[in-house]
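One file, input_38.txt, carrying compact mmCIF, C-alpha atoms:
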```
# COMPACT_ATOMS: atom_id res chain seq x y z
CA MET A 263 94.45 168.62 104.69
CA GLU A 264 93.16 171.51 102.60
CA PRO A 265 89.39 171.77 102.19
CA GLY A 266 88.18 170.99 98.74
CA THR A 267 90.91 168.44 97.97
CA SER A 268 89.69 164.94 97.29
CA PRO A 269 91.55 162.14 99.10
CA ARG A 270 93.85 160.09 96.95
CA PRO A 271 93.17 156.37 96.74
CA PRO A 272 95.10 154.41 99.38
CA VAL A 273 98.05 152.23 98.48
CA LEU A 274 97.05 148.57 98.54
CA ASP A 275 99.28 145.77 99.84
CA PRO A 276 99.95 143.52 96.80
CA ALA A 277 99.96 140.37 98.99
CA THR A 278 96.66 140.92 100.84
CA GLY A 279 94.86 143.49 98.70
CA VAL A 280 94.07 145.73 101.73
CA PRO A 281 95.39 149.26 102.31
CA ALA A 282 98.94 149.26 103.64
CA LEU A 283 99.69 151.14 106.88
CA ASP A 284 103.08 152.58 107.75
CA SER A 285 104.42 153.63 111.14
CA THR A 286 103.07 157.19 110.82
CA ALA A 287 99.53 155.89 110.24
CA VAL A 288 99.81 153.57 113.24
CA ALA A 289 101.03 156.44 115.45
CA LEU A 290 98.21 158.75 114.36
CA TYR A 291 95.64 155.96 114.82
CA ARG A 292 96.86 155.40 118.39
CA TRP A 293 96.62 159.16 119.11
CA THR A 294 93.07 159.31 117.70
CA VAL A 295 91.91 156.35 119.79
CA VAL A 296 93.29 157.99 122.94
CA HIS A 297 91.65 161.39 122.16
CA GLU A 298 88.47 159.73 120.79
CA ARG A 299 88.42 161.89 117.65
CA LEU A 300 90.54 163.88 115.20
CA THR A 301 89.50 167.22 113.70
CA PRO A 302 91.15 169.48 111.13
CA ALA A 303 91.85 171.93 113.98
CA SER A 304 93.55 169.26 116.15
CA LEU A 305 95.60 167.88 113.29
CA ALA A 306 98.52 170.18 114.13
CA GLN A 307 98.34 169.14 117.80
CA ALA A 308 98.37 165.49 116.79
CA ALA A 309 101.42 166.10 114.60
CA ALA A 310 103.29 167.80 117.42
CA GLU A 311 102.49 165.10 120.01
CA THR A 312 103.41 162.22 117.67
CA ASP A 313 106.61 163.85 116.37
CA LEU A 314 105.21 163.91 112.83
CA THR A 315 105.01 166.67 110.29
CA LEU A 316 101.69 168.02 109.10
CA PRO A 317 102.04 166.48 105.60
CA GLU A 318 102.82 163.13 107.21
CA CYS A 319 99.67 163.39 109.34
CA GLU A 320 97.58 164.22 106.28
CA ALA A 321 98.99 161.20 104.43
CA ALA A 322 98.30 159.04 107.50
CA VAL A 323 94.67 160.24 107.57
CA ARG A 324 94.26 159.11 103.96
CA GLN A 325 95.68 155.70 104.79
CA LEU A 326 93.46 155.23 107.85
CA THR A 327 90.37 156.41 105.97
CA GLY A 328 91.09 154.00 103.10
CA ALA A 329 91.52 151.18 105.61
CA CYS A 330 88.16 152.09 107.23
CA LEU A 331 89.96 152.71 110.56
CA LEU A 332 88.78 156.36 110.56
CA GLN A 333 85.17 157.32 109.91
CA GLU A 334 84.51 160.75 108.41
CA LEU A 335 81.95 163.03 110.06
CA ARG A 336 80.34 165.86 108.07
CA ALA A 337 78.16 168.75 109.15
CA PRO A 338 74.53 167.65 109.34
CA ASP A 339 73.30 170.94 107.91
CA ASP A 340 75.74 170.78 105.00
CA PRO A 341 76.35 167.13 104.05
CA ALA A 342 77.78 168.21 100.69
CA ALA A 343 80.61 170.15 102.35
CA ALA A 344 84.01 169.64 100.71
CA GLY A 345 85.81 168.33 103.78
CA PRO A 346 84.88 166.36 106.90
CA THR A 347 84.47 168.07 110.22
CA ALA A 348 86.07 165.23 112.19
CA TRP A 349 87.30 161.65 112.04
CA LEU A 350 86.21 159.00 114.55
CA PRO A 351 88.36 155.91 115.25
CA VAL A 352 86.90 152.52 114.29
CA SER A 353 87.90 149.20 115.85
CA PRO A 354 89.94 146.83 113.67
CA GLN A 355 87.14 144.24 113.79
CA ALA A 356 84.57 146.71 112.49
CA ALA A 357 87.00 148.00 109.87
CA THR A 358 87.69 144.44 108.70
CA ALA A 359 83.98 143.70 108.35
CA GLN A 360 83.39 146.90 106.40
CA LEU A 361 86.44 146.55 104.20
CA LEU A 362 86.26 142.82 103.44
CA SER A 363 82.52 142.12 103.60
CA ALA A 364 82.07 142.33 99.84
CA ARG A 365 85.05 140.06 99.15
CA ASP A 366 83.95 137.61 101.83
CA THR A 367 80.44 137.45 100.36
CA ALA A 368 81.86 136.80 96.89
CA LEU A 369 84.16 134.09 98.25
CA ARG A 370 81.31 132.33 100.03
CA ALA A 371 79.26 132.37 96.84
CA HIS A 372 82.22 130.90 94.94
CA GLU A 373 82.66 128.15 97.55
CA GLU A 374 78.97 127.29 97.31
CA ALA A 375 79.29 127.03 93.53
CA LEU A 376 82.29 124.71 93.93
CA ARG A 377 80.37 122.48 96.36
CA GLU A 378 77.53 122.25 93.87
CA GLN A 379 79.93 121.29 91.11
CA ARG A 380 81.51 118.62 93.33
CA ARG A 381 78.05 117.25 94.13
CA VAL A 382 77.19 116.98 90.42
CA ILE A 383 80.53 115.28 89.68
CA GLN A 384 79.99 112.79 92.51
CA GLN A 385 76.51 111.98 91.19
CA GLN A 386 77.97 111.32 87.76
CA ARG A 387 80.73 109.19 89.29
CA ASP A 388 78.23 107.13 91.29
CA GLY A 389 76.04 106.65 88.23
CA LEU A 390 78.91 105.31 86.16
CA ALA A 391 80.28 103.22 89.05
CA ALA A 392 76.92 101.44 89.24
CA LEU A 393 77.70 99.91 85.84
CA LEU A 394 80.94 98.37 87.07
CA PRO A 395 79.42 95.04 88.23
CA VAL A 396 77.68 94.73 84.84
CA TYR A 397 81.00 95.29 83.07
CA LEU A 398 82.87 92.79 85.23
CA GLN A 399 80.19 90.11 84.89
CA ALA A 400 80.22 90.52 81.13
CA ARG A 401 84.02 90.26 81.11
CA GLN A 402 83.80 87.08 83.17
CA GLN A 403 81.37 85.55 80.67
CA ALA A 404 83.53 86.60 77.72
CA PHE A 405 86.70 85.22 79.35
CA PRO A 406 85.66 82.26 81.54
CA GLN A 407 89.30 81.19 81.90
CA GLY A 408 89.97 84.25 84.03
CA THR A 409 90.77 87.93 83.69
CA ILE A 410 92.81 90.71 85.28
CA ASP A 411 91.10 94.10 85.39
CA ARG A 412 92.07 97.44 86.92
CA LEU A 413 89.95 99.80 88.98
CA PRO A 414 90.93 103.45 88.47
CA ASP A 415 90.47 104.89 91.97
CA LYS A 416 89.34 104.25 95.54
CA PHE A 417 85.72 105.12 94.75
CA ALA A 418 85.48 102.28 92.24
CA VAL A 419 87.26 99.97 94.71
CA ARG A 420 84.72 100.74 97.44
CA SER A 421 81.80 100.20 95.09
CA LEU A 422 83.12 96.84 93.88
CA LEU A 423 84.11 95.74 97.38
CA ALA A 424 80.60 96.38 98.70
CA ASP A 425 79.09 94.36 95.84
CA VAL A 426 81.58 91.50 96.21
CA MET A 427 81.14 91.25 99.98
CA ASP A 428 77.36 91.11 99.58
CA SER A 429 77.70 88.14 97.24
CA CYS A 430 80.36 86.32 99.31
CA ARG A 431 79.27 82.89 100.47
CA SER A 432 82.16 80.91 102.01
CA GLU A 433 85.40 82.70 103.01
CA VAL A 434 87.20 86.05 102.94
CA LEU A 435 91.00 86.24 103.34
CA VAL A 436 92.57 89.61 104.22
CA SER A 437 96.20 90.68 104.54
CA LYS A 438 96.86 94.24 105.72
CA HIS A 439 100.20 96.00 105.99
CA GLY A 440 100.82 98.67 108.61
CA GLY A 441 101.15 99.14 112.33
CA SER A 442 97.84 100.98 112.62
CA PHE A 443 94.80 101.67 110.48
CA PRO A 444 92.84 104.94 110.13
CA PRO A 445 89.92 105.05 112.58
CA ALA A 446 87.59 106.16 109.77
CA ALA A 447 88.50 103.06 107.72
CA LEU A 448 87.93 100.82 110.75
CA ARG A 449 84.51 102.36 111.37
CA GLU A 450 83.58 101.83 107.73
CA ALA A 451 84.76 98.20 107.63
CA LEU A 452 83.33 97.00 110.97
CA PRO A 453 79.60 96.81 110.02
CA ARG A 454 80.44 95.12 106.72
CA ASP A 455 82.68 92.53 108.38
CA LEU A 456 80.20 91.82 111.17
CA ALA A 457 77.46 91.29 108.58
CA LEU A 458 79.65 88.73 106.81
CA LEU A 459 80.30 86.84 110.04
CA GLU A 460 76.59 86.83 110.90
CA ARG A 461 75.91 85.12 107.53
CA GLY A 462 78.35 82.36 108.47
CA VAL A 463 81.17 83.49 106.20
CA ARG A 464 84.62 82.53 107.52
CA MET A 465 87.00 85.48 107.81
CA ARG A 466 90.75 85.15 108.27
CA SER A 467 92.93 88.26 108.54
CA LEU A 468 96.69 88.75 108.72
CA TYR A 469 97.99 91.88 110.46
CA GLN A 470 101.47 92.96 111.45
CA HIS A 471 102.72 92.52 115.02
CA ALA A 472 102.78 96.29 115.49
CA THR A 473 98.97 96.47 115.35
CA ARG A 474 98.84 94.92 118.84
CA PHE A 475 100.13 98.22 120.24
CA ASP A 476 97.54 100.42 118.46
CA GLN A 477 94.44 100.94 120.61
CA PRO A 478 91.82 101.49 117.81
CA THR A 479 93.10 98.46 115.92
CA ARG A 480 93.07 96.31 119.08
CA VAL A 481 89.45 97.27 119.79
CA HIS A 482 88.47 96.58 116.18
CA ALA A 483 90.20 93.18 116.20
CA GLY A 484 88.59 92.29 119.52
CA ARG A 485 85.10 92.99 118.13
CA LEU A 486 85.75 90.80 115.09
CA ILE A 487 87.24 87.95 117.12
CA GLU A 488 84.22 87.96 119.43
CA ALA A 489 82.00 87.66 116.35
CA GLY A 490 83.96 84.65 115.08
CA ALA A 491 86.74 86.09 112.93
CA GLU A 492 90.26 84.64 113.00
CA ILE A 493 93.14 87.14 113.16
CA ARG A 494 96.85 86.41 113.30
CA THR A 495 99.94 88.60 113.15
CA LEU A 496 103.38 88.45 111.55
CA PRO A 497 106.38 90.77 111.53
CA GLU A 498 105.84 91.35 107.80
CA VAL A 499 102.79 90.69 105.62
CA LEU A 500 101.75 91.37 102.04
CA PRO A 501 101.02 95.08 101.48
CA GLN A 502 97.29 94.56 100.81
CA LEU A 503 95.36 91.51 99.71
CA ILE A 504 91.71 90.47 99.74
CA ILE A 505 90.60 87.06 98.42
CA VAL A 506 86.87 86.34 98.23
CA ASP A 507 85.58 82.75 97.93
CA GLY A 508 88.89 81.73 96.35
CA SER A 509 87.65 83.08 93.02
CA LEU A 510 88.46 86.80 93.14
CA ALA A 511 91.36 88.75 94.57
CA LEU A 512 92.01 92.46 95.00
CA LEU A 513 95.57 93.77 94.91
CA PRO A 514 96.67 97.41 95.25
CA ALA A 515 97.66 99.23 92.04
CA SER A 516 100.45 101.79 91.87
CA SER A 517 98.01 104.31 90.37
CA GLY A 518 95.92 104.31 93.55
CA GLY A 519 93.20 101.93 92.41
CA ALA A 520 93.25 98.13 92.51
CA LEU A 521 93.70 95.06 90.35
CA ILE A 522 90.88 92.51 90.14
CA ILE A 523 92.34 89.02 89.77
CA ARG A 524 90.19 86.19 88.40
CA GLU A 525 92.97 84.25 86.64
CA PRO A 526 93.03 80.75 88.24
CA ASP A 527 96.80 80.20 88.27
CA LEU A 528 97.50 83.60 89.83
CA LEU A 529 94.71 83.05 92.37
CA SER A 530 96.23 79.68 93.29
CA TYR A 531 99.60 81.35 93.84
CA LEU A 532 98.10 84.06 96.05
CA LEU A 533 96.22 81.47 98.09
CA THR A 534 99.44 79.48 98.59
CA VAL A 535 101.28 82.58 99.78
CA PHE A 536 98.48 83.47 102.19
CA GLU A 537 98.30 79.94 103.63
CA ARG A 538 102.08 79.90 104.15
CA ASP A 539 101.96 83.17 106.06
CA TRP A 540 98.91 82.00 108.00
CA GLU A 541 100.69 78.87 109.24
CA ASN A 542 103.67 80.94 110.44
CA ALA A 543 101.56 83.65 112.08
CA THR A 544 100.66 84.07 115.75
CA PRO A 545 97.02 84.31 116.90
CA PHE A 546 96.03 87.84 117.83
CA ALA A 547 95.89 88.34 121.60
CA ASN A 548 95.89 91.23 124.05
CA GLY A 549 97.58 91.50 127.39
CA PRO A 550 101.07 92.11 128.77
CA GLN A 551 102.40 88.62 128.00
CA ALA A 552 101.19 88.76 124.40
CA ALA A 553 102.80 92.16 123.94
CA HIS A 554 106.05 90.86 125.49
CA ASP A 555 106.16 87.87 123.12
CA VAL A 556 105.46 90.07 120.12
CA THR A 557 108.20 92.52 121.17
CA LYS A 558 110.72 89.67 121.24
CA THR A 559 109.67 88.62 117.74
CA VAL A 560 109.89 92.19 116.46
CA LYS A 561 113.41 92.53 117.85
CA GLN A 562 114.34 89.22 116.21
CA SER A 563 113.09 90.62 112.88
CA ILE A 564 115.04 93.84 113.42
CA LEU A 565 118.20 91.79 114.00
CA VAL A 566 117.64 89.93 110.74
CA LEU A 567 117.15 93.19 108.82
CA LEU A 568 120.15 94.78 110.55
CA ALA A 569 122.30 91.88 109.44
CA LYS A 570 121.11 92.53 105.87
CA GLY A 571 122.31 96.14 106.12
CA LEU A 572 118.92 97.91 106.08
CA LYS A 573 118.57 101.42 107.51
CA ASP A 574 116.25 102.33 110.36
CA GLU A 575 113.74 103.98 108.00
CA SER A 576 113.46 100.86 105.82
CA ILE A 577 113.16 98.57 108.85
CA ALA A 578 110.41 100.70 110.40
CA ARG A 579 108.49 100.80 107.11
CA ARG A 580 108.71 97.04 106.57
CA LEU A 581 107.68 96.15 110.14
CA GLY A 582 104.92 98.77 110.34
CA ILE A 583 106.40 100.54 113.38
CA SER A 584 107.33 104.15 113.93
CA LEU A 585 110.89 105.31 113.31
CA ARG A 586 111.19 106.29 116.97
CA THR A 587 110.17 102.82 118.15
CA CYS A 588 112.54 101.19 115.66
CA ARG A 589 115.49 103.26 116.88
CA ARG A 590 114.65 102.44 120.49
CA HIS A 591 114.68 98.71 119.71
CA VAL A 592 117.96 99.06 117.81
CA SER A 593 119.53 100.86 120.78
CA GLU A 594 118.39 98.12 123.17
CA LEU A 595 119.74 95.43 120.83
CA LEU A 596 123.13 97.15 120.57
CA ASP A 597 123.32 97.34 124.36
CA SER A 598 122.31 93.70 124.88
CA LEU A 599 124.82 92.46 122.29
CA GLY A 600 127.63 94.66 123.61
CA ALA A 601 128.01 96.18 120.11
CA HIS A 602 129.08 99.72 119.36
CA SER A 603 127.66 100.00 115.84
CA ARG A 604 124.86 98.64 113.73
CA PHE A 605 127.33 96.69 111.60
CA GLU A 606 128.93 95.09 114.65
CA ALA A 607 125.49 94.19 116.00
CA GLY A 608 124.66 92.43 112.73
CA VAL A 609 127.96 90.52 112.78
CA VAL A 610 127.56 89.46 116.43
CA ALA A 611 123.94 88.44 115.89
CA GLU A 612 124.91 86.40 112.84
CA ARG A 613 127.74 84.70 114.74
CA LEU A 614 125.42 83.86 117.66
CA GLY A 615 122.80 82.42 115.35
CA LEU A 616 120.23 85.06 116.34
CA THR A 617 119.35 85.94 112.76
CA SER A 618 118.05 82.48 111.87
CA HIS A 619 114.43 81.49 112.15
CA PRO A 620 113.59 79.92 115.55
CA ALA A 621 113.49 76.16 115.60
CA PRO A 622 110.10 74.47 116.10
CA ASP A 623 109.12 73.63 119.61
CA PRO A 624 110.10 69.97 120.37
CA ALA A 625 107.16 69.71 122.76
CA GLU A 626 104.83 70.13 119.77
CA ASP A 627 106.69 67.75 117.44
CA PRO A 628 109.18 65.36 119.11
CA THR A 629 110.36 64.02 115.74
CA GLU A 630 111.91 67.42 114.99
CA ASP A 631 114.22 67.30 118.01
CA PRO A 632 117.78 66.98 116.65
CA THR A 633 118.95 65.40 119.94
CA ALA A 634 116.17 62.85 120.26
CA ALA A 635 118.30 60.08 118.75
CA THR A 636 121.29 60.73 120.98
CA GLU A 637 119.82 61.60 124.36
CA PRO A 638 117.75 59.19 126.51
CA ALA A 639 114.16 59.89 127.34
CA ALA A 640 113.32 61.46 130.66
CA GLY A 641 112.85 58.98 133.47
CA PRO A 642 114.63 57.27 136.36
CA GLU A 643 118.36 56.77 135.84
CA PRO A 644 119.38 53.17 135.15
CA ALA A 645 121.16 51.31 137.90
CA THR A 646 124.94 51.00 137.66
CA GLU A 647 126.03 47.57 136.57
CA PRO A 648 128.22 45.60 139.02
CA GLY A 649 131.88 46.26 138.49
CA ALA A 650 131.26 49.45 136.57
CA GLU A 651 132.91 52.55 137.87
CA ALA A 652 130.63 55.39 138.81
CA ALA A 653 131.01 58.41 136.53
CA GLU A 654 132.76 61.31 138.14
CA PRO A 655 130.63 64.43 138.50
CA VAL A 656 131.27 66.98 135.77
CA PRO A 657 132.39 70.30 137.26
CA ALA A 658 130.32 73.36 136.37
CA ALA A 659 131.74 75.22 133.38
CA ALA A 660 132.87 78.83 133.84
CA CYS A 661 132.59 81.79 131.49
CA PRO A 662 136.08 82.49 129.97
CA ALA A 663 135.38 86.26 129.94
CA CYS A 664 134.17 86.99 133.48
CA GLY A 665 134.85 83.70 135.33
CA GLU A 666 131.26 83.32 136.50
CA PRO A 667 129.88 79.76 136.41
CA LEU A 668 127.57 78.95 133.54
CA THR A 669 124.10 78.25 134.88
CA ASP A 670 123.40 75.67 132.17
CA PRO A 671 126.62 74.04 130.95
CA ALA A 672 124.67 71.18 129.33
CA PRO A 673 121.49 72.60 127.82
CA SER A 674 118.36 70.56 127.67
CA PRO A 675 117.15 69.28 124.30
CA GLY A 676 114.66 72.16 123.98
CA ALA A 677 117.16 74.93 124.81
CA ARG A 678 118.67 77.19 122.14
CA ARG A 679 122.12 76.06 121.07
CA ARG A 680 124.83 77.70 119.08
CA PRO A 681 125.08 76.77 115.37
CA GLY A 682 126.26 73.17 115.05
CA GLY A 683 124.61 72.06 118.31
CA ARG A 684 127.45 73.22 120.59
CA PRO A 685 126.49 74.42 124.10
CA PRO A 686 127.11 78.07 124.94
CA ARG A 687 130.60 78.95 126.21
CA TYR A 688 129.78 82.40 127.61
CA CYS A 689 127.24 83.51 130.15
CA SER A 690 125.94 86.43 128.02
CA PRO A 691 126.36 88.01 124.57
CA ARG A 692 128.22 90.88 126.24
CA CYS A 693 130.92 88.51 127.54
CA ARG A 694 131.17 86.87 124.12
CA SER A 695 131.67 90.27 122.50
CA ARG A 696 134.28 91.23 125.15
CA ALA A 697 136.22 88.00 124.54
CA TYR A 698 136.08 88.54 120.79
CA ARG A 699 137.54 92.05 121.12
CA ALA A 700 140.30 90.72 123.41
CA ARG A 701 141.29 88.08 120.83
CA GLN A 702 141.36 90.71 118.10
CA LYS A 703 143.60 92.91 120.25
CA GLU A 704 146.01 90.00 120.92
CA ARG A 705 146.27 89.27 117.20
CA THR A 706 147.03 92.92 116.48
CA GLU A 707 149.77 92.99 119.11
CA ASP A 708 151.30 89.79 117.73
CA VAL A 709 151.47 91.29 114.26
CA THR A 710 153.11 94.50 115.48
```

Do you think you could lay out the structure here as structure tokens?
Amino acid sequence: MEPGTSPRPPVLDPATGVPALDSTAVALYRWTVVHERLTPASLAQAAAETDLTLPECEAAVRQLTGACLLQELRAPDDPAAAGPTAWLPVSPQAATAQLLSARDTALRAHEEALREQRRVIQQQRDGLAALLPVYLQARQQAFPQGTIDRLPDKFAVRSLLADVMDSCRSEVLVSKHGGSFPPAALREALPRDLALLERGVRMRSLYQHATRFDQPTRVHAGRLIEAGAEIRTLPEVLPQLIIVDGSLALLPASSGGALIIREPDLLSYLLTVFERDWENATPFANGPQAAHDVTKTVKQSILVLLAKGLKDESIARRLGISLRTCRRHVSELLDSLGAHSRFEAGVVAERLGLTSHPAPDPAEDPTEDPTAATEPAAGPEPATEPGAEAAEPVPAAACPACGEPLTDPAPSPGARRRPGGRPPRYCSPRCRSRAYRARQKERTEDVT
């Protein structure tokens, strides 16, 4: 580099805004770090040892200087000299701090200004949200027959929910969709719900079965149950519903806010739907047996949805379970039914009556037993009348597919029967499927 020539400005990378370095600059930087310094006299040596030309080395010096990776040294007795006496290597960390400190300072100032603007906006939002109860009370007085209002966003929903829960006096009904709930939402809701229960307010909540396998939700439900809340689960529940004192309901809005329902007929309908689901739900419980029972119910629901032709993604979304869990259940169901496809599993399940709702337990309501009028009550067998021939013992029935004896050829009144009340003819669904395929094959051969 000739003395007296001013260095040209470095070429900046358009993506990052920092000086761009090519391979020649990187090679010269490595040589300078090894030799601890670079001088105009050693520039030719550096070019020879790095297989670069002298002009390439001079261009590399300009790049490294612009990137703050080389620090210029000038004679102390002549600081105004035209050219530097040497260049010292600078670490990338120090070069970054020197090169980007101004931009970093400006960015931090901009972020602080944005935080201040957000704080002002939040203050304005809170101030306007404080008028929401006044607005809703006035609307209720103007329309005593009932109204339907819309809250614009989640901030307004939280503000109204806090006010409504504080004024609640008798009962809160909640229906929540999903297999798990965000821990932050659970932490926010727990103190509010416990305060309601301490005031003697009855709380009934409907969750999905999948929540029993989510640890934070199980802990949250356990705390509420200990405080007196009632929680039950179903395979499917309403997406989101809160009914307070039977006079106000909150429903989710597609815009992200919520609908406030005070219309009596619509409230009556929502209460009827909730009570129907509540009667069909199972009390929330922890433990291996509870999880086993819930898993059986979830698989039953998957069978029903499979028979309707739903895909795995839709089934997982409706039941509040992960796609991976849904596919694992579907695989187990296909194996247990001896089916080779989802369609075949739906057909077999429909034929076996597995897609219908389970019959009520006869032990709970004997009048619902379809065999009560035809089968005698349990007790000692009546004595054989004189002259009557003793009935011959009925031989044990055998499975037509595998030949194994059926363990229960005459099911008890409480056992599951095939549609129409007929006893099972096969020892397992797999044998039934195998016999069905054999019959289909025979029909095909007869036709050909």

Inset, instruction - Check the smallest atom-to-atom distance from each of A:Ile583, A:Leu510, A:Met465, A:Ile564 to A:Leu596 using only C-alpha atoms, then report the winner. - result: A:Ile564

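Using all atoms listed in the file, the nearest neighbour of A:Glu298 within the list A:Leu458, A:Leu350, A:Val566, A:Val396 is A:Leu350.
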
Inset, instruction - Anything within 12 Å of (92.9, 100.5, 87.0): list those residues as a count of residues only, counting only C-alpha atoms and sticking to the file's coordinates. - result: 22

Counting only C-alpha atoms, what is within 9 Å of A:Glu575, bar same-chain residues fewer than 2 positions away, as an mmCIF file with C-alpha atoms, in the coordinates of the input?
```
data_model
loop_
_atom_site.group_PDB
_atom_site.id
_atom_site.type_symbol
_atom_site.label_atom_id
_atom_site.label_comp_id
_atom_site.auth_asym_id
_atom_site.auth_seq_id
_atom_site.Cartn_x
_atom_site.Cartn_y
_atom_site.Cartn_z
ATOM 1 C CA LEU A 572 118.920 97.910 106.080
ATOM 2 C CA LYS A 573 118.570 101.420 107.510
ATOM 3 C CA ILE A 577 113.160 98.570 108.850
ATOM 4 C CA ALA A 578 110.410 100.700 110.400
ATOM 5 C CA ARG A 579 108.490 100.800 107.110
ATOM 6 C CA ARG A 580 108.710 97.040 106.570
ATOM 7 C CA SER A 584 107.330 104.150 113.930
ATOM 8 C CA LEU A 585 110.890 105.310 113.310
ATOM 9 C CA CYS A 588 112.540 101.190 115.660
#
```

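Minimum atom-to-atom distances from A:Ser421, A:Glu537, A:Arg590, A:Leu331 to A:Leu390 were compared using all atoms listed in the file, and the lowest value belongs to A:Ser421.
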
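Put simply, atom CA of A:Leu503 is 24.0 Å away from atom CA of A:Ala400.
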
Inset, instruction - Skip A:Ala348 itself and residues of its chain fewer than 6 positions away, then list as a PyMOL selection string all residues within 8 Å of it, counting only C-alpha atoms. - result: chain A and resi 299-302+334-336

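Here atom CA of A:Ala491 stands at a distance of 10.6 Å from atom CA of A:Glu433.
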
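We find atom CA of A:Lys561 and atom CA of A:His591 to be spaced 6.6 Å apart.
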
Inset, instruction - Could you give me, as a ChimeraX atom specification, the residues within 10 Å of A:His482, counting all atoms listed in the file and dropping anything in the same chain fewer than 2 positions from it? - result: /A:443,445,448-449,451-452,477-480,484-487

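Comparing the minimum interatomic distances between A:Leu393 and each of A:Thr495, A:Leu533, A:Gln379, A:Leu422, counting only C-alpha atoms, we find that A:Leu422 sits nearest.
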
Using only the atoms of stretch 487-505 of chain A listed in the file, plus 5 Å on each side, state the axis-aligned box centre and edge lengths in Å rounded to one decimal, as lines of an AutoDock Vina configuration file.
```
center_x = 94.2
center_y = 89.9
center_z = 108.9
size_x = 34.4
size_y = 20.4
size_z = 31.0
```

Inset, instruction - For A:Arg494, list every protein, DNA or RNA residue within 7 Å, evaluated using only C-alpha atoms, and leave out those in the same chain fewer than 6 positions away; present the list as number ranges by chain. - result: A: 467-469, 543-546

Restricted to C-alpha atoms, what would the selected residues look like written as an mmCIF file, in the coordinates of the input?
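Contents of result-v2.cif, freshly written:
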```cif
data_model
loop_
_atom_site.group_PDB
_atom_site.id
_atom_site.type_symbol
_atom_site.label_atom_id
_atom_site.label_comp_id
_atom_site.auth_asym_id
_atom_site.auth_seq_id
_atom_site.Cartn_x
_atom_site.Cartn_y
_atom_site.Cartn_z
ATOM 1 C CA SER A 467 92.930 88.260 108.540
ATOM 2 C CA LEU A 468 96.690 88.750 108.720
ATOM 3 C CA TYR A 469 97.990 91.880 110.460
ATOM 4 C CA ALA A 543 101.560 83.650 112.080
ATOM 5 C CA THR A 544 100.660 84.070 115.750
ATOM 6 C CA PRO A 545 97.020 84.310 116.900
ATOM 7 C CA PHE A 546 96.030 87.840 117.830
#
```

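Contact shell of stretch 353-369 of chain A at 12 Å (all atoms listed in the file; same-chain neighbours under 2 positions omitted): Thr278, Gly279, Val280, Pro281, Val288, Tyr291, Arg292, Thr294, Val295, Glu298, Leu326, Thr327, Gly328, Ala329, Cys330, Leu331, Leu332, Gln333, Leu350, Pro351, Ala371, His372, Glu373, Glu374, Ala375 and Leu376 of chain A.
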
Inset, instruction - Would you please work out which residue, of A:Arg524, A:Asp455, A:Arg461, A:Leu581, is nearest to A:Leu500 when using all atoms listed in the file? - result: A:Leu581
